[in-house]
Amino acid sequence: MRKVLIFGGTRYFGRRLALRLADAGDDVTLVTRGEHTPPVAKGLTFFKGDRTSSSTMKDLGGQNWDIIYDNICFNPYQAKLAVDAFEGKVGRYILTSTMSVYDGGGANLSEREYNPFPGKYELEQEHDYGEGKRQAESYFFQRATFPVIAVRFPVVLGPDDYTERLVFHVKRALAGTPVVAENLYAKMGYISSYEAASFLEWCGRSTMTGPLNAASDGVLSIQDVMDKIDRVAGTESTFATTGDDESPLAPERDFYMDTSAAKKAGYLFQHVDDWLDRLIEEEVRNHK
């Protein structure tokens, strides 16, 4: 039985990960501030605390862990808290990172496009999301004495997506409201919340280290996404290049990753069509 700690395990793909690991027989501890109802299953226990608190991290560092999953580290200072707390206390550390580390986008981006090993980190400054994740990766890979994987996810969609990015577009189609997008044909990468949890579990059982891209096979433009919604909903979506509430799924240029490294290591990704079509059907039913 492995002893697993999860930061960010009470909702979305972190919740799915916690349930998968508990079902597999792991002893799983979730760190929670109590803001969300945690999952309940045999093998799950809870620690009341705050990921950004040095005292919480110090308390957790008083135990030994086989694996730590960190879904909510957003900057290098938070990375430092983990490195200081868990030196000599963890077998593997899996950081959830993001496609946004590839500043400016691009097509078929490989892990080499952002190398965190010589990257900078500034502990005392505030950072936007992408820069914060870049510097968090840099701190871990430069300072941690334990093995680290940084999993770079694209847009994660699922029925439990609290940001409601897909729901936003379903509602626009049903209401006949134009979708605001500057480029209708720029392709984006995606992964489902189910597969995100599956991939994180797989990482915990692998021996890999370093940055690792993870995404479903296939890429879609916002035109492709709306065409899928229209086929299910019987609508005919319209678009505008300017306006309020710009689509969060419409990059200015192609933005997707190469997943060859994960595939070479043995992971088989779903195709985006295999899960997104079903998700759209579900969301259209829920909001029609």
# chains A, B, ... in the order shown; residues from 1 in each chain; ligands from 1
$ closest_atom_pairs --of "segment 76-115 of chain A" --to "segment 245-260 of chain A" --cutoff "12 Å" --atoms "only C-alpha atoms" --output "tab-separated table"
residue	atom	partner	partner_atom	distance
A:Thr98	CA	A:Met257	CA	10.6
A:Met99	CA	A:Met257	CA	7.4
A:Ser100	CA	A:Phe255	CA	9.2
A:Val101	CA	A:Met257	CA	11.1
A:Tyr102	CA	A:Phe255	CA	8.8
A:Asp103	CA	A:Phe255	CA	9.8
A:Gly104	CA	A:Phe255	CA	8.3
A:Gly105	CA	A:Phe255	CA	4.7
A:Gly106	CA	A:Phe255	CA	4.8
A:Ala107	CA	A:Tyr256	CA	5.4
A:Asn108	CA	A:Met257	CA	4.5
A:Leu109	CA	A:Met257	CA	4.3
A:Ser110	CA	A:Asp258	CA	5.1
A:Glu111	CA	A:Asp258	CA	7.8
A:Arg112	CA	A:Asp258	CA	10.3
A:Glu113	CA	A:Met257	CA	9.9
A:Tyr114	CA	A:Met257	CA	11.7
$ write_last_selection --atoms "all heavy atoms" --output "short mmCIF file (atom, residue, chain, number, x, y, z; two decimals), in the first residue's frame"
data_model
loop_
_atom_site.label_atom_id
_atom_site.label_comp_id
_atom_site.auth_asym_id
_atom_site.auth_seq_id
_atom_site.Cartn_x
_atom_site.Cartn_y
_atom_site.Cartn_z
N THR A 98 1.02 23.19 -16.92
CA THR A 98 0.08 23.67 -17.91
C THR A 98 0.74 23.92 -19.26
O THR A 98 1.94 24.24 -19.34
CB THR A 98 -0.57 24.98 -17.43
OG1 THR A 98 -1.37 25.55 -18.47
CG2 THR A 98 0.49 26.02 -17.05
N MET A 99 -0.06 23.81 -20.32
CA MET A 99 0.36 24.20 -21.65
C MET A 99 0.75 25.67 -21.71
O MET A 99 1.51 26.09 -22.59
CB MET A 99 -0.77 23.89 -22.64
CG MET A 99 -0.47 24.17 -24.08
SD MET A 99 -1.77 23.54 -25.18
CE MET A 99 -3.16 24.62 -24.77
N SER A 100 0.25 26.46 -20.77
CA SER A 100 0.52 27.90 -20.76
C SER A 100 1.98 28.24 -20.48
O SER A 100 2.39 29.40 -20.63
CB SER A 100 -0.37 28.60 -19.73
OG SER A 100 -1.73 28.51 -20.09
N VAL A 101 2.80 27.24 -20.09
CA VAL A 101 4.23 27.52 -19.95
C VAL A 101 4.85 27.84 -21.31
O VAL A 101 5.91 28.47 -21.37
CB VAL A 101 5.00 26.36 -19.28
CG1 VAL A 101 4.47 26.09 -17.88
CG2 VAL A 101 4.99 25.10 -20.13
N TYR A 102 4.19 27.41 -22.39
CA TYR A 102 4.67 27.72 -23.73
C TYR A 102 4.12 29.08 -24.15
O TYR A 102 3.13 29.18 -24.88
CB TYR A 102 4.25 26.62 -24.72
CG TYR A 102 4.72 25.25 -24.32
CD1 TYR A 102 3.81 24.25 -23.98
CD2 TYR A 102 6.08 24.95 -24.27
CE1 TYR A 102 4.24 22.98 -23.62
CE2 TYR A 102 6.52 23.69 -23.90
CZ TYR A 102 5.60 22.71 -23.58
OH TYR A 102 6.03 21.46 -23.21
N ASP A 103 4.73 30.09 -23.66
CA ASP A 103 4.25 31.46 -23.82
C ASP A 103 4.13 31.81 -25.30
O ASP A 103 5.07 31.65 -26.07
CB ASP A 103 5.23 32.43 -23.14
CG ASP A 103 4.68 33.84 -23.07
OD1 ASP A 103 3.45 34.00 -23.04
OD2 ASP A 103 5.50 34.78 -23.04
N GLY A 104 2.95 32.27 -25.70
CA GLY A 104 2.74 32.68 -27.08
C GLY A 104 2.15 31.62 -27.97
O GLY A 104 1.79 31.89 -29.11
N GLY A 105 2.07 30.37 -27.48
CA GLY A 105 1.45 29.32 -28.25
C GLY A 105 2.37 28.74 -29.30
O GLY A 105 3.59 28.94 -29.30
N GLY A 106 1.77 27.99 -30.22
CA GLY A 106 2.52 27.31 -31.26
C GLY A 106 1.92 25.94 -31.53
O GLY A 106 1.06 25.46 -30.79
N ALA A 107 2.35 25.31 -32.62
CA ALA A 107 1.81 24.02 -33.04
C ALA A 107 2.77 22.89 -32.68
O ALA A 107 3.99 23.02 -32.85
CB ALA A 107 1.55 24.01 -34.54
N ASN A 108 2.22 21.80 -32.15
CA ASN A 108 3.00 20.59 -31.88
C ASN A 108 4.20 20.88 -30.98
O ASN A 108 5.33 20.44 -31.23
CB ASN A 108 3.46 19.96 -33.20
CG ASN A 108 3.45 18.45 -33.15
OD1 ASN A 108 2.59 17.85 -32.50
ND2 ASN A 108 4.41 17.84 -33.81
N LEU A 109 3.95 21.60 -29.91
CA LEU A 109 5.02 22.04 -29.01
C LEU A 109 5.59 20.86 -28.22
O LEU A 109 4.85 20.12 -27.58
CB LEU A 109 4.46 23.08 -28.04
CG LEU A 109 3.99 24.40 -28.68
CD1 LEU A 109 3.01 25.10 -27.75
CD2 LEU A 109 5.18 25.29 -29.00
N SER A 110 6.89 20.71 -28.25
CA SER A 110 7.53 19.65 -27.47
C SER A 110 7.98 20.20 -26.13
O SER A 110 8.05 21.42 -25.93
CB SER A 110 8.74 19.10 -28.22
OG SER A 110 9.83 20.00 -28.15
N GLU A 111 8.30 19.31 -25.21
CA GLU A 111 8.75 19.71 -23.88
C GLU A 111 9.99 20.61 -23.95
O GLU A 111 10.20 21.45 -23.07
CB GLU A 111 9.07 18.47 -23.03
CG GLU A 111 7.85 17.67 -22.59
CD GLU A 111 7.39 16.65 -23.60
OE1 GLU A 111 7.90 16.66 -24.75
OE2 GLU A 111 6.50 15.85 -23.27
N ARG A 112 10.78 20.47 -25.00
CA ARG A 112 12.00 21.27 -25.14
C ARG A 112 11.72 22.76 -25.38
O ARG A 112 12.61 23.59 -25.22
CB ARG A 112 12.85 20.74 -26.29
CG ARG A 112 13.41 19.35 -26.05
CD ARG A 112 14.36 18.94 -27.17
NE ARG A 112 13.68 18.92 -28.46
CZ ARG A 112 13.01 17.87 -28.92
NH1 ARG A 112 12.89 16.77 -28.18
NH2 ARG A 112 12.44 17.92 -30.10
N GLU A 113 10.49 23.07 -25.76
CA GLU A 113 10.15 24.47 -26.05
C GLU A 113 10.22 25.35 -24.80
O GLU A 113 10.35 26.56 -24.90
CB GLU A 113 8.76 24.57 -26.68
CG GLU A 113 8.64 23.89 -28.03
CD GLU A 113 9.45 24.57 -29.11
OE1 GLU A 113 9.68 25.80 -29.02
OE2 GLU A 113 9.88 23.87 -30.05
N TYR A 114 10.03 24.75 -23.64
CA TYR A 114 10.33 25.47 -22.39
C TYR A 114 11.14 24.55 -21.50
O TYR A 114 10.65 23.54 -21.02
CB TYR A 114 9.08 25.94 -21.64
CG TYR A 114 9.47 26.54 -20.31
CD1 TYR A 114 10.24 27.70 -20.26
CD2 TYR A 114 9.16 25.93 -19.10
CE1 TYR A 114 10.67 28.24 -19.06
CE2 TYR A 114 9.57 26.45 -17.89
CZ TYR A 114 10.33 27.61 -17.89
OH TYR A 114 10.77 28.13 -16.69
#
$ residues_around --residues "Ile94 of chain A" --least-positions-apart "2" --cutoff "8 Å" --atoms "only C-alpha atoms" --output "list in words"
Ile67, Ile68, Tyr69, Asp70, Arg92, Thr96, Val148, Ile149, Ala150, Val151, Leu200, Cys203 and Gly204 of chain A
$ select_by_dssp --residues "segment 20-195 of chain A" --states "strand (DSSP E)" --output "count of residues only"
44
$ select_by_dssp --residues "segment 45-167 of chain A" --states "helix (DSSP H, G or I)" --output "PyMOL selection string"
chain A and resi 54-60+76-86+99-101+111-113+129-143+165-167
$ residues_around --residues "Val284 of chain A" --least-positions-apart "2" --cutoff "9 Å" --atoms "only C-alpha atoms" --output "list in words"
Val167, Val170, Lys171, Leu174, Ile229, Val232, Ala233, Leu279, Ile280, Glu281, Glu282, Asn286, His287 and Lys288 of chain A
$ closest_residue --among "A:Pro39, A:Gly9, A:Gly132, A:Pro154" --to "Glu195 of chain A" --atoms "only C-alpha atoms"
A:Pro154
$ decode --residues "segment 125-152 of chain A" --atoms "N, CA, C and O atoms" --output "PDB file, in the first residue's frame"
ATOM      1  N   GLN A 125       8.061  38.169  -6.250  1.00  0.00           N
ATOM      2  CA  GLN A 125       7.218  38.885  -7.200  1.00  0.00           C
ATOM      3  C   GLN A 125       5.926  38.123  -7.475  1.00  0.00           C
ATOM      4  O   GLN A 125       5.865  36.906  -7.324  1.00  0.00           O
ATOM      5  N   GLU A 126       4.893  38.869  -7.894  1.00  0.00           N
ATOM      6  CA  GLU A 126       3.664  38.238  -8.338  1.00  0.00           C
ATOM      7  C   GLU A 126       3.796  37.880  -9.816  1.00  0.00           C
ATOM      8  O   GLU A 126       4.467  38.573 -10.585  1.00  0.00           O
ATOM      9  N   HIS A 127       3.130  36.800 -10.208  1.00  0.00           N
ATOM     10  CA  HIS A 127       3.240  36.321 -11.583  1.00  0.00           C
ATOM     11  C   HIS A 127       1.859  35.970 -12.113  1.00  0.00           C
ATOM     12  O   HIS A 127       0.983  35.539 -11.353  1.00  0.00           O
ATOM     13  N   ASP A 128       1.677  36.125 -13.432  1.00  0.00           N
ATOM     14  CA  ASP A 128       0.442  35.633 -14.022  1.00  0.00           C
ATOM     15  C   ASP A 128       0.501  34.109 -14.074  1.00  0.00           C
ATOM     16  O   ASP A 128       1.510  33.489 -13.715  1.00  0.00           O
ATOM     17  N   TYR A 129      -0.578  33.500 -14.517  1.00  0.00           N
ATOM     18  CA  TYR A 129      -0.709  32.044 -14.424  1.00  0.00           C
ATOM     19  C   TYR A 129       0.431  31.321 -15.134  1.00  0.00           C
ATOM     20  O   TYR A 129       1.104  30.463 -14.552  1.00  0.00           O
ATOM     21  N   GLY A 130       0.661  31.648 -16.408  1.00  0.00           N
ATOM     22  CA  GLY A 130       1.678  30.942 -17.169  1.00  0.00           C
ATOM     23  C   GLY A 130       3.070  31.149 -16.611  1.00  0.00           C
ATOM     24  O   GLY A 130       3.844  30.193 -16.469  1.00  0.00           O
ATOM     25  N   GLU A 131       3.414  32.384 -16.271  1.00  0.00           N
ATOM     26  CA  GLU A 131       4.736  32.666 -15.729  1.00  0.00           C
ATOM     27  C   GLU A 131       4.915  32.043 -14.353  1.00  0.00           C
ATOM     28  O   GLU A 131       5.998  31.543 -14.012  1.00  0.00           O
ATOM     29  N   GLY A 132       3.848  32.055 -13.541  1.00  0.00           N
ATOM     30  CA  GLY A 132       3.923  31.417 -12.233  1.00  0.00           C
ATOM     31  C   GLY A 132       4.222  29.938 -12.345  1.00  0.00           C
ATOM     32  O   GLY A 132       5.043  29.386 -11.592  1.00  0.00           O
ATOM     33  N   LYS A 133       3.577  29.259 -13.306  1.00  0.00           N
ATOM     34  CA  LYS A 133       3.830  27.833 -13.506  1.00  0.00           C
ATOM     35  C   LYS A 133       5.230  27.599 -14.064  1.00  0.00           C
ATOM     36  O   LYS A 133       5.907  26.626 -13.677  1.00  0.00           O
ATOM     37  N   ARG A 134       5.681  28.446 -14.964  1.00  0.00           N
ATOM     38  CA  ARG A 134       7.046  28.299 -15.475  1.00  0.00           C
ATOM     39  C   ARG A 134       8.061  28.356 -14.338  1.00  0.00           C
ATOM     40  O   ARG A 134       8.980  27.536 -14.241  1.00  0.00           O
ATOM     41  N   GLN A 135       7.894  29.366 -13.474  1.00  0.00           N
ATOM     42  CA  GLN A 135       8.866  29.544 -12.399  1.00  0.00           C
ATOM     43  C   GLN A 135       8.720  28.478 -11.308  1.00  0.00           C
ATOM     44  O   GLN A 135       9.713  28.110 -10.668  1.00  0.00           O
ATOM     45  N   ALA A 136       7.505  27.992 -11.091  1.00  0.00           N
ATOM     46  CA  ALA A 136       7.328  26.874 -10.146  1.00  0.00           C
ATOM     47  C   ALA A 136       8.082  25.650 -10.655  1.00  0.00           C
ATOM     48  O   ALA A 136       8.790  24.972  -9.895  1.00  0.00           O
ATOM     49  N   GLU A 137       7.930  25.337 -11.950  1.00  0.00           N
ATOM     50  CA  GLU A 137       8.695  24.227 -12.526  1.00  0.00           C
ATOM     51  C   GLU A 137      10.189  24.451 -12.322  1.00  0.00           C
ATOM     52  O   GLU A 137      10.928  23.538 -11.920  1.00  0.00           O
ATOM     53  N   SER A 138      10.648  25.655 -12.625  1.00  0.00           N
ATOM     54  CA  SER A 138      12.079  25.942 -12.516  1.00  0.00           C
ATOM     55  C   SER A 138      12.581  25.725 -11.100  1.00  0.00           C
ATOM     56  O   SER A 138      13.665  25.148 -10.892  1.00  0.00           O
ATOM     57  N   TYR A 139      11.804  26.171 -10.116  1.00  0.00           N
ATOM     58  CA  TYR A 139      12.258  26.002  -8.738  1.00  0.00           C
ATOM     59  C   TYR A 139      12.349  24.522  -8.381  1.00  0.00           C
ATOM     60  O   TYR A 139      13.350  24.070  -7.803  1.00  0.00           O
ATOM     61  N   PHE A 140      11.328  23.771  -8.712  1.00  0.00           N
ATOM     62  CA  PHE A 140      11.351  22.332  -8.395  1.00  0.00           C
ATOM     63  C   PHE A 140      12.543  21.641  -9.048  1.00  0.00           C
ATOM     64  O   PHE A 140      13.280  20.889  -8.387  1.00  0.00           O
ATOM     65  N   PHE A 141      12.740  21.860 -10.335  1.00  0.00           N
ATOM     66  CA  PHE A 141      13.778  21.105 -11.035  1.00  0.00           C
ATOM     67  C   PHE A 141      15.186  21.564 -10.668  1.00  0.00           C
ATOM     68  O   PHE A 141      16.138  20.788 -10.768  1.00  0.00           O
ATOM     69  N   GLN A 142      15.317  22.779 -10.221  1.00  0.00           N
ATOM     70  CA  GLN A 142      16.638  23.265  -9.832  1.00  0.00           C
ATOM     71  C   GLN A 142      16.971  23.006  -8.367  1.00  0.00           C
ATOM     72  O   GLN A 142      18.145  22.881  -8.013  1.00  0.00           O
ATOM     73  N   ARG A 143      15.955  22.913  -7.506  1.00  0.00           N
ATOM     74  CA  ARG A 143      16.229  22.866  -6.073  1.00  0.00           C
ATOM     75  C   ARG A 143      15.817  21.572  -5.376  1.00  0.00           C
ATOM     76  O   ARG A 143      16.333  21.266  -4.303  1.00  0.00           O
ATOM     77  N   ALA A 144      14.880  20.832  -5.946  1.00  0.00           N
ATOM     78  CA  ALA A 144      14.405  19.624  -5.266  1.00  0.00           C
ATOM     79  C   ALA A 144      15.444  18.517  -5.342  1.00  0.00           C
ATOM     80  O   ALA A 144      16.089  18.309  -6.384  1.00  0.00           O
ATOM     81  N   THR A 145      15.602  17.797  -4.237  1.00  0.00           N
ATOM     82  CA  THR A 145      16.494  16.634  -4.209  1.00  0.00           C
ATOM     83  C   THR A 145      15.729  15.338  -4.465  1.00  0.00           C
ATOM     84  O   THR A 145      16.341  14.273  -4.545  1.00  0.00           O
ATOM     85  N   PHE A 146      14.393  15.422  -4.579  1.00  0.00           N
ATOM     86  CA  PHE A 146      13.560  14.251  -4.857  1.00  0.00           C
ATOM     87  C   PHE A 146      13.115  14.280  -6.315  1.00  0.00           C
ATOM     88  O   PHE A 146      13.108  15.334  -6.958  1.00  0.00           O
ATOM     89  N   PRO A 147      12.717  13.126  -6.885  1.00  0.00           N
ATOM     90  CA  PRO A 147      12.292  13.072  -8.286  1.00  0.00           C
ATOM     91  C   PRO A 147      10.990  13.857  -8.512  1.00  0.00           C
ATOM     92  O   PRO A 147      10.049  13.740  -7.725  1.00  0.00           O
ATOM     93  N   VAL A 148      10.946  14.630  -9.603  1.00  0.00           N
ATOM     94  CA  VAL A 148       9.784  15.470  -9.918  1.00  0.00           C
ATOM     95  C   VAL A 148       9.372  15.251 -11.368  1.00  0.00           C
ATOM     96  O   VAL A 148      10.214  15.186 -12.268  1.00  0.00           O
ATOM     97  N   ILE A 149       8.061  15.136 -11.590  1.00  0.00           N
ATOM     98  CA  ILE A 149       7.464  15.226 -12.925  1.00  0.00           C
ATOM     99  C   ILE A 149       6.596  16.479 -12.942  1.00  0.00           C
ATOM    100  O   ILE A 149       5.836  16.726 -11.999  1.00  0.00           O
ATOM    101  N   ALA A 150       6.692  17.266 -14.013  1.00  0.00           N
ATOM    102  CA  ALA A 150       5.774  18.392 -14.218  1.00  0.00           C
ATOM    103  C   ALA A 150       4.877  18.046 -15.399  1.00  0.00           C
ATOM    104  O   ALA A 150       5.330  18.012 -16.550  1.00  0.00           O
ATOM    105  N   VAL A 151       3.615  17.738 -15.127  1.00  0.00           N
ATOM    106  CA  VAL A 151       2.669  17.335 -16.160  1.00  0.00           C
ATOM    107  C   VAL A 151       2.032  18.583 -16.755  1.00  0.00           C
ATOM    108  O   VAL A 151       1.339  19.334 -16.071  1.00  0.00           O
ATOM    109  N   ARG A 152       2.282  18.788 -18.043  1.00  0.00           N
ATOM    110  CA  ARG A 152       1.750  19.965 -18.736  1.00  0.00           C
ATOM    111  C   ARG A 152       0.455  19.603 -19.453  1.00  0.00           C
ATOM    112  O   ARG A 152       0.464  18.945 -20.488  1.00  0.00           O
TER     113      ARG A 152
END
